[in-house]
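Trainee: Quick one: structure below, then a few questions.
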Amino acid sequence: MENLKIPSHVALIVDGNGRWAEKQGLPRSKGHAAGFQNIQTLTAYIFNKGVKYISAYLFSTENFKRSEKEVSFIMGLLTGKAKEILEFCKKEKIKVVFSGRKENLTSKIIETIENIEKETANFTNKTFNVCFNYGAHTEIIDATKKIVNDSLNGKLDIDLLDEQIYNKYLYQDLPPVDLLIRTSGEQRISNFMLWQCSYAEFYFPETLFPDFKEKDFDLALENYTARDRRFGGIDYAKKNH
Ligand code: IPE
Ligand code: IPE
Ligand code: MG
């Protein structure tokens with residue numbers, strides 16, 4: 001397809017790692033490891049297409065309901081791969097930012113994330129938003145608490161609060177999501193970026209995340225290009241009016 005439309009902000013709900021492993025008779029941990037590996041390759045590819053922001057949902061506030069073994073394996077992937085992730089981001093000039101609640105995360109995880117954020121803070125063209133221990137409800141609640149505090153302390157005139165100012169109180173002040181991709185065939189949002197996805201185009205491929213490769217992203221882009229994004233308006237040039 002020619003003249004592909006390139007979304008500015010792509011959100012990825014990384015799903016199906018466990019099923020990918022189970023299908024092959026492997027422990028779920030192998031699926032998480034394969035998923036993690038896939039994120040790097042896919043990220044480089046997506047940014048090279050001209051996308052400016054990627055938000056990746058890697059661990060939700062609800063994922064703490066899983067077994068201690070599975071949770072600590074996922075946490076360990078992040079800390080264990082920290083050096084590799086940092087080298088990759090520096091090579092590709094990717095700025096990494098974090099969205100999520102730091103409570104419930106170990107100091108090792110927090111240090112790892114903060115170090116990657118610090119070391120990549122000066123890159124400007126590509127931003128990778130790691131959503132880890134992230135929930136859209138907690139994000140909205142945390143933003144609301146900060147707004148109330150700033151209002152009580154006289155730092156914010158509540159009459160001036162609008163969408164733009166509200167956005168600044170979220171974990172990260174990012175542009176809205178244009179394209180949301182959730183792998184594995186599940187068609188739900190599972191508490192991800194409710195504010196930021198208000199006008200996102202949703203795409204739900206059946207592919208399990210470790211198998212979601214460059215050609216699958218190309219299909220997502222073709223699908224996105226064919227969407228008519230109206231934002232509530234009407235293009236009268238195309239109508240009898
Ligand atoms: C996504 O894969 C990764 C996380 C949610 C942490 P899943 O672990 O949810 O994989 P499935 O959905 O069980 O296949
Ligand atoms: C959503 O996937 C969270 C992440 C991808 C990090 P889940 O697999 O946890 O979501 P549900 O339980 O199917 O809604
Ligand atoms: Mg899942």
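Scheme for the structure tokens: letters A, B, ... for chains in order shown; per-chain residue numbers from 1; ligand numbers from 1 in order shown.
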Could you list the protein, DNA and RNA residues that have any atom within 6 Å of ligand 1, counting only C-alpha atoms and all ligand atoms, and write them as number ranges by chain?
Mentor: A: 14-19, 58-59
Trainee: How close does each residue of chain A get to ligand 2, giving the shortest atom pair and distance in Å to one decimal for every residue with an atom at most 12 Å away, counting only C-alpha atoms and all ligand atoms, sorted by chain and residue number, as CSV?
Mentor:
```
residue,atom,partner,partner_atom_place_in_ligand_line,distance
A:Ala11,CA,ligand 2,5 (C),10.9
A:Leu12,CA,ligand 2,5 (C),8.2
A:Ile13,CA,ligand 2,5 (C),4.8
A:Val14,CA,ligand 2,5 (C),4.6
A:Asp15,CA,ligand 2,5 (C),4.9
A:Gly16,CA,ligand 2,8 (O),7.0
A:Asn17,CA,ligand 2,8 (O),8.6
A:Gly18,CA,ligand 2,8 (O),8.6
A:Arg19,CA,ligand 2,8 (O),9.9
A:His32,CA,ligand 2,6 (C),10.7
A:Gly35,CA,ligand 2,5 (C),10.7
A:Phe36,CA,ligand 2,6 (C),11.7
A:Ser55,CA,ligand 2,6 (C),11.2
A:Ala56,CA,ligand 2,6 (C),8.1
A:Tyr57,CA,ligand 2,6 (C),4.6
A:Leu58,CA,ligand 2,6 (C),4.0
A:Phe59,CA,ligand 2,6 (C),3.7
A:Ser60,CA,ligand 2,6 (C),4.7
A:Thr61,CA,ligand 2,3 (C),8.3
A:Glu62,CA,ligand 2,9 (O),6.8
A:Asn63,CA,ligand 2,9 (O),5.5
A:Phe64,CA,ligand 2,9 (O),9.3
A:Lys65,CA,ligand 2,9 (O),9.2
A:Arg66,CA,ligand 2,9 (O),9.0
A:Glu70,CA,ligand 2,9 (O),12.0
A:Val71,CA,ligand 2,6 (C),11.3
A:Ile74,CA,ligand 2,6 (C),10.4
A:Gly100,CA,ligand 2,6 (C),11.3
A:Val130,CA,ligand 2,6 (C),10.3
A:Cys131,CA,ligand 2,6 (C),7.8
A:Phe132,CA,ligand 2,6 (C),7.4
A:Asn133,CA,ligand 2,6 (C),8.2
A:Tyr134,CA,ligand 2,6 (C),8.0
A:Gly135,CA,ligand 2,3 (C),8.9
A:Ala136,CA,ligand 2,3 (C),11.1
A:Ile181,CA,ligand 2,5 (C),10.8
A:Arg182,CA,ligand 2,5 (C),8.1
A:Thr183,CA,ligand 2,5 (C),9.0
A:Ser184,CA,ligand 2,8 (O),9.3
A:Gly185,CA,ligand 2,13 (O),10.0
A:Glu186,CA,ligand 2,13 (O),6.9
A:Gln187,CA,ligand 2,14 (O),9.0
A:Arg188,CA,ligand 2,14 (O),6.8
A:Ile189,CA,ligand 2,14 (O),7.3
A:Ser190,CA,ligand 2,14 (O),4.6
A:Asn191,CA,ligand 2,1 (C),7.7
A:Phe192,CA,ligand 2,3 (C),7.7
A:Met193,CA,ligand 2,3 (C),11.3
A:Leu208,CA,ligand 2,8 (O),11.3
A:Phe209,CA,ligand 2,5 (C),9.7
```
Trainee: Which value, in Å to one decimal, gives the distance between atom CA of Lys49 of chain A and atom CA of Glu117 of chain A?
Mentor: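 Atom-to-atom, atom CA of Lys49 of chain A to atom CA of Glu117 of chain A, that is 23.2 Å.
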Trainee: Check the smallest atom-to-atom distance from each of A:Ala143, A:Ile6, A:Cys89, A:Val148 to Ala121 of chain A using only C-alpha atoms, then report the winner.
Mentor: A:Cys89
Trainee: Run DSSP on the backbone of this structure and report the residues of segment 31-155 of chain A it assigns to alpha helix (DSSP H), as a PyMOL selection string.
Mentor: chain A and resi 31-48+68-80+82-92+107-120+136-152
Trainee: When you look at Asp216 of chain A with a cut-off of 9 Å (counting only C-alpha atoms), what residues show up, excluding the ones that are within fewer than 5 positions of it in the same chain? I need them as an mmCIF file with N, CA, C and O atoms, in the first residue's frame.
Mentor:
```
data_model
loop_
_atom_site.group_PDB
_atom_site.id
_atom_site.type_symbol
_atom_site.label_atom_id
_atom_site.label_comp_id
_atom_site.auth_asym_id
_atom_site.auth_seq_id
_atom_site.Cartn_x
_atom_site.Cartn_y
_atom_site.Cartn_z
ATOM 1 N N PRO A 205 -5.083 -7.926 16.439
ATOM 2 C CA PRO A 205 -4.650 -9.122 15.699
ATOM 3 C C PRO A 205 -4.720 -10.378 16.582
ATOM 4 O O PRO A 205 -4.582 -10.280 17.803
ATOM 5 N N THR A 207 -2.573 -12.801 16.453
ATOM 6 C CA THR A 207 -1.193 -13.247 16.730
ATOM 7 C C THR A 207 -0.811 -13.067 18.199
ATOM 8 O O THR A 207 -1.106 -12.025 18.795
ATOM 9 N N ASP A 211 5.059 -13.775 18.508
ATOM 10 C CA ASP A 211 5.045 -13.995 17.051
ATOM 11 C C ASP A 211 4.684 -12.728 16.265
ATOM 12 O O ASP A 211 4.576 -12.774 15.042
ATOM 13 N N LEU A 221 -0.403 -1.031 10.128
ATOM 14 C CA LEU A 221 -0.312 0.306 9.514
ATOM 15 C C LEU A 221 -1.254 0.434 8.316
ATOM 16 O O LEU A 221 -1.881 1.479 8.119
#
```
Trainee: Per DSSP on the backbone, filter segment 84-209 of chain A down to the residues in strand (DSSP E or B) and report them as a list of chain:residue names.
Mentor: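 Secondary structure check on segment 84-209 of chain A, strand (DSSP E or B): A:Ile94, A:Lys95, A:Val96, A:Val97, A:Phe98, A:Ser99, A:Lys126, A:Thr127, A:Phe128, A:Asn129, A:Val130, A:Cys131, A:Phe132, A:Asn133, A:Tyr134, A:Leu179, A:Leu180, A:Ile181, A:Arg182, A:Glu201, A:Phe202, A:Tyr203.
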Trainee: Residues at most 12 Å from Asp173 of chain A, counting only C-alpha atoms, excluding those fewer than 4 positions away in the same chain, as a VMD selection string?
Mentor: chain A and resid 53 97 to 99 127 129 139 143 163 to 169 177 195 to 196
Trainee: To one decimal in Å, tell me the separation between atom CA of Lys69 of chain A and atom CA of Ala33 of chain A.
Mentor: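 The value is 14.0 Å.
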Trainee: May I have the residues within 10 Å of Thr41 of chain A as a list in words, using only C-alpha atoms and disregarding those fewer than 5 positions away in the same chain?
Mentor: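 That gives Phe36, Ile46, Phe88, Lys213 and Glu214 of chain A.
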Trainee: How many Å lie between atom CA of Glu87 of chain A and atom CA of Asn38 of chain A, rounded to one decimal?
Mentor: 16.0 Å
Trainee: With only C-alpha atoms as the counted atoms, please give the residues lying no more than 9 Å from Ile158 of chain A, apart from itself and same-chain residues fewer than 4 positions off, as a list in words.
Mentor: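 Surrounding residues, per the criterion: Ile147, Val148, Asp150, Ser151 and Asp162 of chain A.
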Trainee: Only N, CA and C atoms, please: the residues just picked out, written as a CSV table (one decimal), in the first residue's frame.
Mentor:
```csv
chain,number,residue,atom,x,y,z
A,147,ILE,N,-3.9,17.3,41.5
A,147,ILE,CA,-4.6,18.5,41.1
A,147,ILE,C,-5.3,19.1,42.4
A,148,VAL,N,-5.9,18.3,43.2
A,148,VAL,CA,-6.5,18.8,44.4
A,148,VAL,C,-5.5,19.5,45.3
A,150,ASP,N,-2.6,20.8,44.4
A,150,ASP,CA,-2.1,22.1,43.8
A,150,ASP,C,-3.1,23.1,43.9
A,151,SER,N,-4.4,22.7,43.9
A,151,SER,CA,-5.4,23.7,44.0
A,151,SER,C,-5.5,24.3,45.4
A,162,ASP,N,-8.2,22.3,32.2
A,162,ASP,CA,-8.8,21.8,31.0
A,162,ASP,C,-8.0,20.6,30.6
```
